[in-house]
Each structure stands twice: as structure tokens, then as C-alpha cells.
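Here is the file query27.cif (mmCIF, C-alpha atoms and all ligand atoms).
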data_target
#
loop_
_atom_site.label_atom_id
_atom_site.label_comp_id
_atom_site.auth_asym_id
_atom_site.auth_seq_id
_atom_site.Cartn_x
_atom_site.Cartn_y
_atom_site.Cartn_z
CA MET A 1 181.44 186.52 104.12
CA THR A 2 183.44 184.67 101.47
CA ASP A 3 187.04 185.71 102.04
CA SER A 4 189.80 184.03 103.97
CA GLU A 5 189.82 186.60 106.78
CA PHE A 6 188.00 184.05 108.98
CA GLU A 7 188.97 180.56 109.99
CA PHE A 8 187.33 177.47 108.55
CA ALA A 9 184.88 176.77 111.40
CA THR A 10 183.58 180.35 111.22
CA ARG A 11 183.24 180.34 107.44
CA ALA A 12 181.47 176.97 107.60
CA ILE A 13 178.72 178.56 109.68
CA HIS A 14 178.48 181.99 108.06
CA ALA A 15 179.89 182.09 104.50
CA GLY A 16 177.24 182.67 101.85
CA GLN A 17 174.55 183.26 104.45
CA ALA A 18 173.12 186.46 105.85
CA PRO A 19 169.87 186.81 107.83
CA ASP A 20 166.93 186.83 105.40
CA PRO A 21 166.32 190.55 104.64
CA SER A 22 162.53 190.23 104.51
CA THR A 23 162.06 188.40 107.86
CA GLY A 24 165.35 188.35 109.74
CA ALA A 25 165.35 184.50 109.67
CA ILE A 26 168.87 183.47 110.68
CA MET A 27 168.72 180.29 108.60
CA THR A 28 168.66 180.72 104.83
CA PRO A 29 165.07 179.80 103.89
CA VAL A 30 164.22 176.95 101.54
CA PHE A 31 163.12 178.97 98.51
CA GLN A 32 160.76 176.37 97.17
CA SER A 33 159.69 178.36 94.15
CA SER A 34 160.14 177.41 90.50
CA THR A 35 159.81 180.95 89.16
CA PHE A 36 160.40 184.51 90.36
CA VAL A 37 158.23 187.52 89.59
CA GLN A 38 159.72 190.29 87.43
CA GLU A 39 158.87 193.97 87.83
CA SER A 40 159.14 194.60 84.13
CA PRO A 41 160.44 192.26 81.36
CA GLY A 42 164.04 191.45 82.23
CA LYS A 43 163.94 193.56 85.41
CA HIS A 44 164.21 191.26 88.43
CA LYS A 45 166.05 190.65 91.70
CA GLY A 46 168.63 188.28 90.20
CA TYR A 47 166.33 185.29 89.99
CA GLU A 48 164.18 184.26 87.02
CA TYR A 49 163.65 180.52 86.93
CA ALA A 50 164.81 177.99 89.53
CA ARG A 51 166.88 175.78 87.21
CA THR A 52 168.95 178.87 86.39
CA GLN A 53 169.20 180.51 89.84
CA ASN A 54 167.82 179.78 93.28
CA PRO A 55 168.67 181.70 96.50
CA THR A 56 169.09 178.59 98.69
CA ARG A 57 171.41 177.05 96.11
CA LYS A 58 173.35 180.33 95.80
CA ALA A 59 173.95 180.36 99.57
CA LEU A 60 175.29 176.78 99.42
CA GLU A 61 177.47 177.52 96.40
CA GLU A 62 179.03 180.53 98.12
CA ASN A 63 179.46 178.61 101.35
CA LEU A 64 181.25 175.65 99.77
CA ALA A 65 183.32 177.89 97.47
CA SER A 66 184.57 179.70 100.56
CA LEU A 67 185.44 176.42 102.32
CA GLU A 68 187.39 175.19 99.28
CA ALA A 69 189.16 178.53 98.65
CA ALA A 70 187.40 178.76 95.28
CA SER A 71 186.19 181.96 93.64
CA ALA A 72 183.23 180.10 92.14
CA GLY A 73 181.14 177.15 93.27
CA ILE A 74 178.56 175.29 91.22
CA CYS A 75 176.17 172.78 92.78
CA PHE A 76 174.57 169.77 91.12
CA SER A 77 171.91 167.19 91.90
CA SER A 78 174.56 164.53 92.71
CA GLY A 79 178.30 163.95 92.61
CA CYS A 80 177.74 162.04 89.36
CA ALA A 81 175.82 164.97 87.84
CA ALA A 82 178.79 167.18 88.74
CA ALA A 83 181.19 164.73 87.05
CA ASN A 84 178.92 164.57 84.01
CA ALA A 85 178.83 168.38 83.65
CA MET A 86 182.61 168.49 84.01
CA MET A 87 183.11 165.95 81.23
CA MET A 88 180.51 167.60 78.98
CA SER A 89 182.56 170.76 79.09
CA PHE A 90 185.17 168.88 77.03
CA GLY A 91 184.72 167.54 73.52
CA PRO A 92 185.08 164.33 71.54
CA GLY A 93 188.70 163.29 70.97
CA ASP A 94 189.88 164.76 74.28
CA HIS A 95 192.09 162.53 76.40
CA PHE A 96 192.12 162.15 80.19
CA ILE A 97 194.54 160.55 82.61
CA VAL A 98 192.64 159.03 85.52
CA ALA A 99 194.05 157.71 88.79
CA ASP A 100 193.46 153.97 88.73
CA ASP A 101 191.36 153.75 91.88
CA VAL A 102 188.40 156.10 91.33
CA TYR A 103 184.84 155.64 92.57
CA GLY A 104 183.09 152.95 90.48
CA GLY A 105 180.35 155.35 89.37
CA THR A 106 182.93 157.83 88.08
CA PHE A 107 184.63 155.04 86.14
CA ARG A 108 181.21 154.09 84.74
CA ILE A 109 180.62 157.66 83.46
CA PHE A 110 183.99 157.58 81.69
CA ASP A 111 183.84 154.02 80.40
CA LYS A 112 180.17 153.54 79.54
CA VAL A 113 179.11 157.05 78.54
CA MET A 114 181.91 159.44 77.65
CA ARG A 115 183.86 156.86 75.64
CA ARG A 116 180.78 156.51 73.40
CA PHE A 117 181.12 160.20 72.61
CA GLY A 118 184.77 159.81 71.61
CA GLN A 119 186.57 160.79 74.82
CA GLU A 120 189.66 158.72 75.68
CA PHE A 121 190.79 157.56 79.14
CA ASP A 122 193.96 156.02 80.49
CA TYR A 123 194.21 154.76 84.08
CA ALA A 124 197.41 154.68 86.12
CA ASP A 125 198.85 154.68 89.62
CA LEU A 126 199.70 158.38 89.86
CA ARG A 127 202.04 157.88 92.81
CA LYS A 128 204.61 157.47 90.03
CA ILE A 129 204.97 160.77 88.20
CA SER A 130 206.66 158.83 85.37
CA GLU A 131 203.22 157.41 84.58
CA LEU A 132 202.10 160.91 83.61
CA ASP A 133 205.01 161.24 81.17
CA ARG A 134 204.21 157.81 79.76
CA LEU A 135 200.51 158.51 79.22
CA ARG A 136 200.57 162.15 78.13
CA LYS A 137 199.35 162.73 74.59
CA GLN A 138 198.90 165.80 72.37
CA ASN A 139 195.18 165.74 73.22
CA THR A 140 195.49 165.20 77.00
CA LYS A 141 193.23 167.76 78.64
CA MET A 142 192.89 166.84 82.29
CA ILE A 143 194.08 164.59 85.12
CA TRP A 144 191.27 163.24 87.32
CA LEU A 145 192.12 161.89 90.73
CA GLU A 146 190.80 161.14 94.19
CA SER A 147 193.08 161.34 97.20
CA PRO A 148 192.66 159.32 99.33
CA THR A 149 191.37 156.85 96.78
CA ASN A 150 188.23 154.82 97.13
CA PRO A 151 188.42 152.12 98.46
CA LEU A 152 192.19 151.56 98.75
CA LEU A 153 193.08 154.84 100.51
CA LYS A 154 196.12 155.49 98.33
CA ILE A 155 197.45 159.05 98.54
CA PHE A 156 198.54 161.07 95.53
CA ASP A 157 200.81 164.07 95.85
CA ILE A 158 198.40 166.76 94.63
CA LYS A 159 201.04 169.51 94.65
CA ARG A 160 203.50 167.51 92.56
CA ILE A 161 200.91 166.31 90.10
CA SER A 162 199.55 169.85 89.71
CA GLN A 163 203.05 171.24 89.11
CA TRP A 164 203.66 168.63 86.42
CA ALA A 165 200.27 169.38 84.86
CA LYS A 166 200.90 173.15 84.77
CA GLU A 167 204.21 172.60 82.99
CA HIS A 168 202.33 170.67 80.30
CA GLY A 169 199.22 172.87 80.04
CA ILE A 170 196.98 170.14 81.46
CA LEU A 171 194.19 170.71 83.99
CA VAL A 172 193.81 168.82 87.29
CA LEU A 173 190.56 167.84 89.03
CA VAL A 174 190.58 166.39 92.53
CA ASP A 175 187.52 164.57 93.85
CA ASN A 176 187.82 165.64 97.51
CA THR A 177 184.77 163.73 98.76
CA PHE A 178 186.68 161.49 101.21
CA MET A 179 188.43 164.39 102.92
CA SER A 180 185.81 167.14 102.80
CA PRO A 181 187.02 170.76 102.68
CA ALA A 182 187.72 170.59 106.42
CA LEU A 183 190.73 168.30 105.95
CA GLN A 184 192.13 169.06 102.50
CA ASN A 185 191.87 171.92 100.01
CA PRO A 186 193.09 170.78 96.58
CA LEU A 187 192.91 174.26 95.00
CA LEU A 188 195.43 175.51 97.57
CA LEU A 189 197.69 172.64 96.49
CA GLY A 190 197.53 173.72 92.84
CA ALA A 191 194.57 171.78 91.41
CA ASP A 192 192.21 173.57 88.99
CA PHE A 193 188.96 171.95 90.08
CA VAL A 194 187.69 170.40 93.28
CA LEU A 195 184.68 168.08 93.14
CA HIS A 196 182.49 166.74 95.94
CA SER A 197 179.72 164.29 96.32
CA THR A 198 178.01 166.47 98.96
CA THR A 199 175.96 163.34 99.69
CA LYS A 200 178.86 162.33 101.96
CA TYR A 201 180.64 164.42 104.63
CA ILE A 202 179.23 167.81 103.61
CA GLY A 203 175.63 166.62 104.00
CA GLY A 204 176.90 164.46 106.83
CA HIS A 205 173.64 162.83 107.91
CA SER A 206 172.87 160.36 105.09
CA ASP A 207 169.73 162.25 104.14
CA VAL A 208 170.64 164.05 100.91
CA VAL A 209 172.24 163.48 97.49
CA GLY A 210 174.21 166.31 95.90
CA GLY A 211 177.36 167.40 94.08
CA PHE A 212 179.67 170.41 93.87
CA ILE A 213 182.53 171.75 91.75
CA GLY A 214 184.74 174.63 92.88
CA THR A 215 187.31 176.47 90.75
CA ASN A 216 189.33 179.67 90.55
CA LEU A 217 189.24 179.74 86.74
CA PRO A 218 186.53 182.27 85.76
CA ASP A 219 186.08 181.00 82.18
CA TRP A 220 185.62 177.44 83.42
CA ALA A 221 183.20 178.57 86.11
CA GLU A 222 181.22 180.21 83.31
CA LYS A 223 181.23 176.99 81.25
CA LEU A 224 180.13 174.90 84.24
CA ARG A 225 177.34 177.32 85.11
CA PHE A 226 176.17 177.18 81.51
CA LEU A 227 176.09 173.36 81.69
CA GLN A 228 174.41 173.38 85.11
CA ASN A 229 171.54 175.33 83.58
CA THR A 230 171.61 173.68 80.15
CA LEU A 231 171.84 170.03 81.22
CA GLY A 232 169.59 170.74 84.20
CA GLY A 233 171.19 168.50 86.86
CA VAL A 234 170.43 171.02 89.62
CA PRO A 235 169.88 170.25 93.32
CA ALA A 236 166.48 170.89 94.89
CA PRO A 237 166.28 173.85 97.32
CA TRP A 238 165.50 171.55 100.24
CA ASP A 239 168.62 169.48 99.46
CA CYS A 240 170.70 172.67 99.36
CA PHE A 241 169.30 173.59 102.77
CA LEU A 242 170.28 170.18 104.18
CA CYS A 243 173.83 170.53 102.82
CA LEU A 244 174.09 174.05 104.26
CA ARG A 245 173.03 172.71 107.63
CA GLY A 246 175.55 169.88 107.34
CA SER A 247 178.37 172.23 106.45
CA LYS A 248 177.93 174.16 109.72
CA THR A 249 179.15 171.21 111.81
CA LEU A 250 181.68 169.85 109.31
CA ALA A 251 184.79 170.87 111.25
CA LEU A 252 183.55 169.24 114.46
CA ARG A 253 182.38 166.09 112.75
CA MET A 254 185.58 165.58 110.76
CA ALA A 255 187.67 165.88 113.92
CA GLN A 256 185.63 163.12 115.58
CA HIS A 257 185.52 160.90 112.46
CA SER A 258 189.31 161.17 112.24
CA LYS A 259 189.84 160.44 115.94
CA ASN A 260 187.65 157.33 115.89
CA ALA A 261 189.06 156.05 112.60
CA LEU A 262 192.70 156.40 113.67
CA GLU A 263 192.11 154.42 116.84
CA ILE A 264 190.14 151.70 115.03
CA ALA A 265 192.85 151.50 112.35
CA LYS A 266 195.51 151.00 115.05
CA ARG A 267 193.49 148.26 116.75
CA LEU A 268 192.72 146.52 113.44
CA GLU A 269 196.41 146.56 112.61
CA ARG A 270 197.09 144.51 115.74
CA HIS A 271 194.18 142.08 115.17
CA PRO A 272 195.20 138.49 114.33
CA LYS A 273 192.42 138.09 111.72
CA VAL A 274 193.48 141.16 109.75
CA GLU A 275 196.06 140.91 107.00
CA ARG A 276 196.44 144.60 106.16
CA VAL A 277 194.92 147.95 107.11
CA MET A 278 194.76 150.90 104.75
CA TYR A 279 194.45 154.19 106.60
CA PRO A 280 196.60 157.21 105.68
CA GLY A 281 197.05 158.17 109.35
CA LEU A 282 198.99 154.97 110.13
CA GLU A 283 202.74 155.31 110.01
CA SER A 284 202.77 151.96 108.23
CA HIS A 285 200.82 153.48 105.32
CA PRO A 286 203.22 153.76 102.35
CA ASP A 287 202.06 157.34 101.62
CA PHE A 288 202.02 158.55 105.25
CA GLN A 289 204.52 161.37 104.58
CA VAL A 290 202.58 162.89 101.68
CA ALA A 291 199.32 162.44 103.60
CA SER A 292 200.73 164.31 106.61
CA GLN A 293 201.77 167.20 104.37
CA GLN A 294 198.61 167.70 102.35
CA MET A 295 195.88 166.66 104.81
CA LYS A 296 194.98 168.41 108.07
CA ASP A 297 193.80 165.11 109.55
CA PHE A 298 193.22 161.66 108.10
CA GLY A 299 189.42 161.34 107.91
CA GLY A 300 186.91 158.64 108.69
CA MET A 301 187.46 156.16 105.83
CA LEU A 302 189.52 153.02 106.14
CA SER A 303 189.75 149.67 104.43
CA PHE A 304 191.22 146.39 105.57
CA VAL A 305 191.90 142.94 104.18
CA LEU A 306 190.64 140.02 106.22
CA LYS A 307 192.80 136.91 106.53
CA SER A 308 189.93 135.00 104.94
CA ASN A 309 187.97 134.59 101.71
CA LEU A 310 184.63 135.85 100.37
CA GLN A 311 182.76 133.59 102.79
CA GLY A 312 184.67 134.98 105.77
CA ALA A 313 184.13 138.54 104.60
CA THR A 314 180.41 137.85 104.14
CA SER A 315 180.09 136.44 107.69
CA PHE A 316 181.85 139.52 109.06
CA LEU A 317 179.64 141.90 107.08
CA GLU A 318 176.47 140.13 108.21
CA SER A 319 177.48 140.25 111.88
CA THR A 320 178.06 143.90 112.72
CA LYS A 321 175.23 145.65 114.53
CA ILE A 322 176.29 149.29 114.83
CA PHE A 323 178.18 149.34 111.53
CA SER A 324 175.30 149.09 109.05
CA LEU A 325 175.88 147.21 105.82
CA ALA A 326 175.27 149.91 103.24
CA GLU A 327 176.86 151.80 100.36
CA SER A 328 177.76 155.46 100.76
CA LEU A 329 179.87 157.06 103.47
CA GLY A 330 180.46 160.22 105.41
CA GLY A 331 177.37 160.25 107.61
CA VAL A 332 177.41 160.50 111.39
CA GLU A 333 176.59 156.78 111.59
CA SER A 334 179.15 154.05 110.90
CA LEU A 335 178.77 152.02 107.71
CA ILE A 336 180.48 148.90 106.45
CA GLU A 337 180.59 147.56 102.90
CA HIS A 338 182.14 145.10 100.48
CA PRO A 339 183.64 147.15 97.59
CA ALA A 340 183.98 144.23 95.13
CA ILE A 341 180.26 143.35 95.33
CA MET A 342 178.77 146.71 96.28
CA THR A 343 180.33 150.08 95.37
CA HIS A 344 182.92 148.90 92.83
CA ALA A 345 181.00 146.15 91.00
CA SER A 346 180.97 148.30 87.83
CA ILE A 347 184.77 147.92 87.55
CA PRO A 348 185.64 144.73 85.61
CA ARG A 349 186.93 141.87 87.82
CA GLU A 350 190.42 141.77 86.18
CA MET A 351 190.89 145.50 86.76
CA ARG A 352 189.60 145.24 90.35
CA GLU A 353 191.99 142.41 91.13
CA LYS A 354 194.90 144.20 89.44
CA ILE A 355 194.48 147.23 91.71
CA GLY A 356 193.76 145.18 94.87
CA VAL A 357 189.97 145.33 95.31
CA SER A 358 189.83 141.68 96.38
CA ASP A 359 186.96 139.59 97.79
CA SER A 360 188.35 139.90 101.33
CA LEU A 361 188.58 143.70 101.24
CA ILE A 362 186.20 145.51 103.61
CA ARG A 363 185.62 149.27 103.74
CA LEU A 364 184.49 151.18 106.81
CA SER A 365 183.02 154.65 107.02
CA VAL A 366 183.74 155.28 110.69
CA GLY A 367 181.02 157.43 112.23
CA ILE A 368 181.04 159.62 115.32
CA GLU A 369 179.49 157.15 117.76
CA ALA A 370 181.35 156.25 120.98
CA LEU A 371 184.65 154.59 120.06
CA GLU A 372 184.40 151.65 122.48
CA ASP A 373 180.93 150.73 121.19
CA LEU A 374 182.29 150.71 117.65
CA TRP A 375 185.25 148.57 118.60
CA LYS A 376 183.11 146.07 120.53
CA ASP A 377 180.91 145.74 117.45
CA LEU A 378 183.86 144.91 115.18
CA ASP A 379 185.39 142.63 117.78
CA GLN A 380 182.28 140.44 118.06
CA ALA A 381 182.01 140.28 114.24
CA PHE A 382 185.60 138.93 114.03
CA GLU A 383 184.48 135.99 116.16
CA LYS A 384 182.07 134.97 113.38
CA VAL A 385 184.91 134.70 110.83
CA LYS A 386 186.15 131.15 110.50
C1 LIG A 401 184.54 159.60 95.88
C2 LIG A 401 183.18 159.73 95.26
N1 LIG A 401 183.00 160.58 94.25
C3 LIG A 401 181.79 160.73 93.64
C4 LIG A 401 180.71 159.97 94.04
C5 LIG A 401 179.38 160.14 93.34
O1 LIG A 401 178.53 160.90 94.10
P1 LIG A 401 176.93 160.76 94.14
O2 LIG A 401 176.59 159.42 94.68
O3 LIG A 401 176.49 161.91 94.98
O4 LIG A 401 176.46 160.90 92.70
C6 LIG A 401 180.84 159.08 95.10
C7 LIG A 401 179.69 158.28 95.55
O5 LIG A 401 179.82 157.36 96.34
C8 LIG A 401 182.12 158.93 95.71
O6 LIG A 401 182.33 158.07 96.73
#

Would you mind giving the structure from this file in C-alpha cells?
Ligand SMILES: Cc1ncc(COP(=O)(O)O)c(C=O)c1O
Amino acid sequence: MTDSEFEFATRAIHAGQAPDPSTGAIMTPVFQSSTFVQESPGKHKGYEYARTQNPTRKALEENLASLEAASAGICFSSGCAAANAMMMSFGPGDHFIVADDVYGGTFRIFDKVMRRFGQEFDYADLRKISELDRLRKQNTKMIWLESPTNPLLKIFDIKRISQWAKEHGILVLVDNTFMSPALQNPLLLGADFVLHSTTKYIGGHSDVVGGFIGTNLPDWAEKLRFLQNTLGGVPAPWDCFLCLRGSKTLALRMAQHSKNALEIAKRLERHPKVERVMYPGLESHPDFQVASQQMKDFGGMLSFVLKSNLQGATSFLESTKIFSLAESLGGVESLIEHPAIMTHASIPREMREKIGVSDSLIRLSVGIEALEDLWKDLDQAFEKVK
């Protein structure tokens, strides 16, 4: 089952997976085998060597491709390995326009690795389409964006950006990690590639690291498959199994993440120690209209600025008990973090401050625990902020 005849929640459970023909096992087995026996040289069942093909990985690739309305899905050992393969499919001298608020590790790939190989990057707030006209060059190959952004939860109009890009023969990649395929499908909005750190909502239980790229462009799918095998950043079969298991409950989990996060965002907005809340589901969010059009719900990620300094933020972060102080996001459990010191430290201070990643900015990954327990936890932590 890979077509759109079924709704999301059904595809999440069944796409890419059929009962194992040799045993009837309903769950796709973990094919923990590095090589596959051939009947005669070159005559095999579609599998030769596990870096090249693996049945558990194939099931996950077909499952996620179906959820993202992609004709092809390619899985990697991490979101960063997926980003690396994507960039390696371009050459030296190619130019990229990047939304100015991307995950720190993605910025690090561009700035510390790809630039050394002659690729060029310009960063801009892509809420203004005029920025694309300003930055476009003869050699511009792709626009790379996250929406919502990490950690400022800005929303970019994927449809508009993709239309502009098509007119200029430029590709668009959307890192859809924050939304998951349950809440937003960038390919249906006109993007050419969708990327995930499956470590986050798709895995959903903070027990796996993985990455994914989906596309409807057959020649690019071919290139990415070639690089998956050639560079070798493939996910282990067990990790594919964990992501497949996560994907089955994605629709349910995202609904609960979104419900909890919206209520917490509303309460934070009214809190006297909070200066500003960034959550795309709040009507006060500057991009609320675009968010409502392109997202099915608003997700579990939110950031807020404390009316305090680094010391106040540190006291807050040290005081929560259910919200664990940790990087990453998207698991069933709630996490809290300090972007400037933790996830976004690889972005230079001047650039961080320019885009608003200040010392009093706090990011929450709101889990699916009971709402009132989560709120009580935040409430008692506010009391520790002087
Ligand atoms: C939005 C986003 N994209 C990509 C990545 C990289 O993924 P991974 O950690 O699986 O390499 C992350 C990691 O936090 C992320 O938050």
C-alpha cells in the first residue's frame, strides 16, 4: 500500500509493510544480515549487500514516502547524513539560499564543510519573497528551509516560495522535522524535496537516530540512492524497525503534542514573567495565517523569551522536573533546552543575536504527558526566576 487511496492514519500503519511471506509475522522483521545469498551470480531476490539494500529499510522508505506523498524515499543514518548526501549531489561553485533560522547542525554542514568544497550559501528571512530576488544568482541551485524554524518558530510560505523557485528553475528543500508528515506535506505544497531527522517525531520515543529524504523527481531519487550507497550513511535495520514502529502512532501522537503545546502556549502568553511566546497556533503569531493554511495542526514545539537574563533562564532550566533539560525534540516526553548554549551554539553569536536567539530564549518540546502536570512543572520553575 503506497497510494493515496487511504487516509494518513491507515497508511502510517500499513504502507510499505506486508506480513512476512516466510512466517506470516505481521511486523516487518529486523533483517539483521549484512549479505544475502544469491542463487547464481547476479541472480538474487533483490538484495545483495546491506549497505545497498535491506528489507527493513525498504519497508521504512516506502512507508515514509507514502506519508510524504513522495514517489521515492531514501533513508539515512541521521538527519545530518541525509543533509550531507543532499549537498553532495551538487557540485563546487553551486549557490544555495538558506532560510536564516536553520538547525545549528545544518548550518555547520554548510558553513564548516560544504563551503570548503566551494559551495556558496546566503542566509535570509524568506518571509520576504524580495529576499529571493535579491540573493538569486546565475549559479543558485536550491532553496533550503525549515518551517516552522528552529528555534524561533517562524513560518515560511512553502507554496509561494516553491512557485517563485519554479519560475526561476531553482529547487526547494523543506526540512519538515518539526511538523512530521502528519501535520505538513511540503511536496504537496510544491517543494521538490522533503527532509526529516527521523530521530524526532517519526521515531517519537527518543531511542533512535535517523534521517530521510522524499522526492517525486525520479532522476534525483536515483542520485540520492547512489549517494546513500556510495557514501554509506545508511541506517541500521534495528533503527529502521524502531522508526517504522514510531510511524504507526504518529497521527495520534501529533494530535496530542499539538493539543498540549497550544494550551501551554496560551498560558505562557498570559504569564507575567514571559516577554514573548513563539508558537504558530497562537493568533498573536505574525505568521498565523500562513501557518493555518499549510499546516494541519501546529505541533509540539514552542519557544519563549523570559523577562530575565541568562542567570534567570539558567535557574528556570535547572528547576523543571518533568521537562528534562536535553537537546533533541519530538519524543513522547517533554524536553526543555537553551538554544544559545545547547542546540545553536555552532551559530556565531552575532548571527544568533541578529536573528533573535538570545540568552533568555527557552525552547520546549512539549510531550504527551498530562497537560496539568506539565503546566504545574513550568509554574513552579517560574517561581525560581528572580
Ligand atoms: C530541524 C532539524 N533538522 C535536522 C536535524 C539533524 O538531525 P539528526 O540529529 O538526526 O542528524 C535536527 C536535529 O536536531 C533538526 O532539529

- [ ] All residues within 7 Å of ligand LIG 401 (chain A) are required, counting all atoms listed in the file; please report them as a list in words.
- [x]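 Selection of residues at most 7 Å from ligand LIG 401 (chain A): Ser78, Gly79, Cys80, Ala81, Val102, Tyr103, Gly105, Thr106, Glu146, Asn150, Asp175, Thr177, Phe178, His196, Ser197, Thr198, Thr199, Val209, Gly210, Gly211 and Ser328 of chain A.
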
Task: Among the residues A:Leu361, A:Ala124, A:Val366, A:Leu242, the one that comes closest to Met254 in chain A [using all atoms listed in the file] - done: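 Among the listed residues, the smallest separation from Met254 in chain A belongs to A:Val366.
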
- [ ] Tell me, in Å to one decimal, how far CA of Ala82 in chain A is from CA of Gln228 in chain A.
- [x]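 Here the two named atoms are 8.4 Å from each other.
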
Open item on the list: So that I can check the surroundings of Asn229 in chain A, please list as JSON, numbers by chain every protein, DNA and RNA residue that reaches within 10 Å of it, counting only C-alpha atoms and ignoring chain neighbours fewer than 3 positions away.
Closed with: {"A": [50, 51, 52, 53, 76, 224, 225, 226, 232, 233, 234]}

- [ ] Give me the residues within 8 Å of Val174 in chain A as a list in words, counting all atoms listed in the file and dropping any in the same chain fewer than 5 places off.
- [x]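 After dropping sequence-adjacent residues, the list is Trp144, Leu145, Glu146, Ser147, Pro186, Ala191, Phe193, Val194 and Leu195 of chain A.
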
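In this comparison, which uses only C-alpha atoms, the residue of A:Asp207, A:Asp239, A:Glu275, A:Glu68 approaching Val30 in chain A most closely is A:Asp239.
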
- [ ] Excluding Thr35 in chain A and any residue of its chain fewer than 2 positions from it, enumerate the residues within 9 Å of it, using all atoms listed in the file, and give them as a ChimeraX atom specification.
- [x] /A:33,37,47-51

Around the point (176.9, 169.4, 106.5), in the coordinates given by the file, pick out the residues reaching within 9 Å, counting all atoms listed in the file, and return them as a PDB file with C-alpha atoms, in the coordinates of the input.
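The result, written out as point_38.pdb:
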ATOM      1  CA  ALA A  12     181.470 176.970 107.600  1.00  0.00           C
ATOM      2  CA  THR A 198     178.010 166.470  98.960  1.00  0.00           C
ATOM      3  CA  LYS A 200     178.860 162.330 101.960  1.00  0.00           C
ATOM      4  CA  TYR A 201     180.640 164.420 104.630  1.00  0.00           C
ATOM      5  CA  ILE A 202     179.230 167.810 103.610  1.00  0.00           C
ATOM      6  CA  GLY A 203     175.630 166.620 104.000  1.00  0.00           C
ATOM      7  CA  GLY A 204     176.900 164.460 106.830  1.00  0.00           C
ATOM      8  CA  HIS A 205     173.640 162.830 107.910  1.00  0.00           C
ATOM      9  CA  LEU A 242     170.280 170.180 104.180  1.00  0.00           C
ATOM     10  CA  CYS A 243     173.830 170.530 102.820  1.00  0.00           C
ATOM     11  CA  LEU A 244     174.090 174.050 104.260  1.00  0.00           C
ATOM     12  CA  ARG A 245     173.030 172.710 107.630  1.00  0.00           C
ATOM     13  CA  GLY A 246     175.550 169.880 107.340  1.00  0.00           C
ATOM     14  CA  SER A 247     178.370 172.230 106.450  1.00  0.00           C
ATOM     15  CA  LYS A 248     177.930 174.160 109.720  1.00  0.00           C
ATOM     16  CA  THR A 249     179.150 171.210 111.810  1.00  0.00           C
ATOM     17  CA  LEU A 250     181.680 169.850 109.310  1.00  0.00           C
ATOM     18  CA  ARG A 253     182.380 166.090 112.750  1.00  0.00           C
TER      19      ARG A 253
END

Distance query Gln17 in chain A at most 9 Å, all atoms listed in the file, self and fewer than 4 positions along chain excluded, as a CSV table (one decimal) with C-alpha atoms, keeping the file's coordinate frame:
chain,number,residue,atom,x,y,z
A,1,MET,CA,181.4,186.5,104.1
A,13,ILE,CA,178.7,178.6,109.7
A,26,ILE,CA,168.9,183.5,110.7
A,27,MET,CA,168.7,180.3,108.6
A,28,THR,CA,168.7,180.7,104.8
A,59,ALA,CA,174.0,180.4,99.6
A,60,LEU,CA,175.3,176.8,99.4
A,62,GLU,CA,179.0,180.5,98.1
A,63,ASN,CA,179.5,178.6,101.4

Taking (188.2, 150.5, 106.0) in the file's coordinates, which residues come within 7 Å, counting all atoms listed in the file, written as a PDB file with C-alpha atoms, in the frame of the given file?
ATOM      1  CA  MET A 278     194.760 150.900 104.750  1.00  0.00           C
ATOM      2  CA  MET A 301     187.460 156.160 105.830  1.00  0.00           C
ATOM      3  CA  LEU A 302     189.520 153.020 106.140  1.00  0.00           C
ATOM      4  CA  SER A 303     189.750 149.670 104.430  1.00  0.00           C
ATOM      5  CA  PHE A 304     191.220 146.390 105.570  1.00  0.00           C
ATOM      6  CA  ILE A 362     186.200 145.510 103.610  1.00  0.00           C
ATOM      7  CA  ARG A 363     185.620 149.270 103.740  1.00  0.00           C
ATOM      8  CA  LEU A 364     184.490 151.180 106.810  1.00  0.00           C
ATOM      9  CA  SER A 365     183.020 154.650 107.020  1.00  0.00           C
TER      10      SER A 365
END

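Distances here use only C-alpha atoms; by that measure, the residue among A:Leu335, A:Val385, A:Met351, A:Ala9 closest to Val274 in chain A is A:Val385.
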
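Proximity to Pro218 in chain A was assessed for A:Ala340, A:Ala265, A:Val357, A:Ala72 counting all atoms listed in the file; the smallest distance is recorded for A:Ala72.
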
Write range 213-225 of chain A as a compact mmCIF listing (two decimals), keeping the file's coordinate frame, completed to N, CA and C atoms.
# COMPACT_ATOMS: atom_id res chain seq x y z
N ILE A 213 181.21 171.51 92.34
CA ILE A 213 182.53 171.75 91.75
C ILE A 213 182.95 173.18 92.11
N GLY A 214 184.18 173.32 92.58
CA GLY A 214 184.74 174.63 92.88
C GLY A 214 185.95 174.87 92.00
N THR A 215 186.15 176.13 91.58
CA THR A 215 187.31 176.47 90.75
C THR A 215 187.67 177.95 90.94
N ASN A 216 188.91 178.26 90.58
CA ASN A 216 189.33 179.67 90.55
C ASN A 216 189.53 180.15 89.12
N LEU A 217 189.09 179.36 88.15
CA LEU A 217 189.24 179.74 86.74
C LEU A 217 187.91 180.31 86.25
N PRO A 218 187.83 181.66 86.08
CA PRO A 218 186.53 182.27 85.76
C PRO A 218 185.89 181.74 84.48
N ASP A 219 186.70 181.48 83.43
CA ASP A 219 186.08 181.00 82.18
C ASP A 219 185.49 179.60 82.36
N TRP A 220 186.15 178.78 83.17
CA TRP A 220 185.62 177.44 83.42
C TRP A 220 184.39 177.49 84.33
N ALA A 221 184.38 178.42 85.26
CA ALA A 221 183.20 178.57 86.11
C ALA A 221 182.01 178.93 85.24
N GLU A 222 182.26 179.79 84.27
CA GLU A 222 181.22 180.21 83.31
C GLU A 222 180.68 179.01 82.54
N LYS A 223 181.62 178.19 82.02
CA LYS A 223 181.23 176.99 81.25
C LYS A 223 180.40 176.05 82.10
N LEU A 224 180.83 175.86 83.36
CA LEU A 224 180.13 174.90 84.24
C LEU A 224 178.74 175.43 84.62
N ARG A 225 178.65 176.74 84.81
CA ARG A 225 177.34 177.32 85.11
C ARG A 225 176.39 177.16 83.92
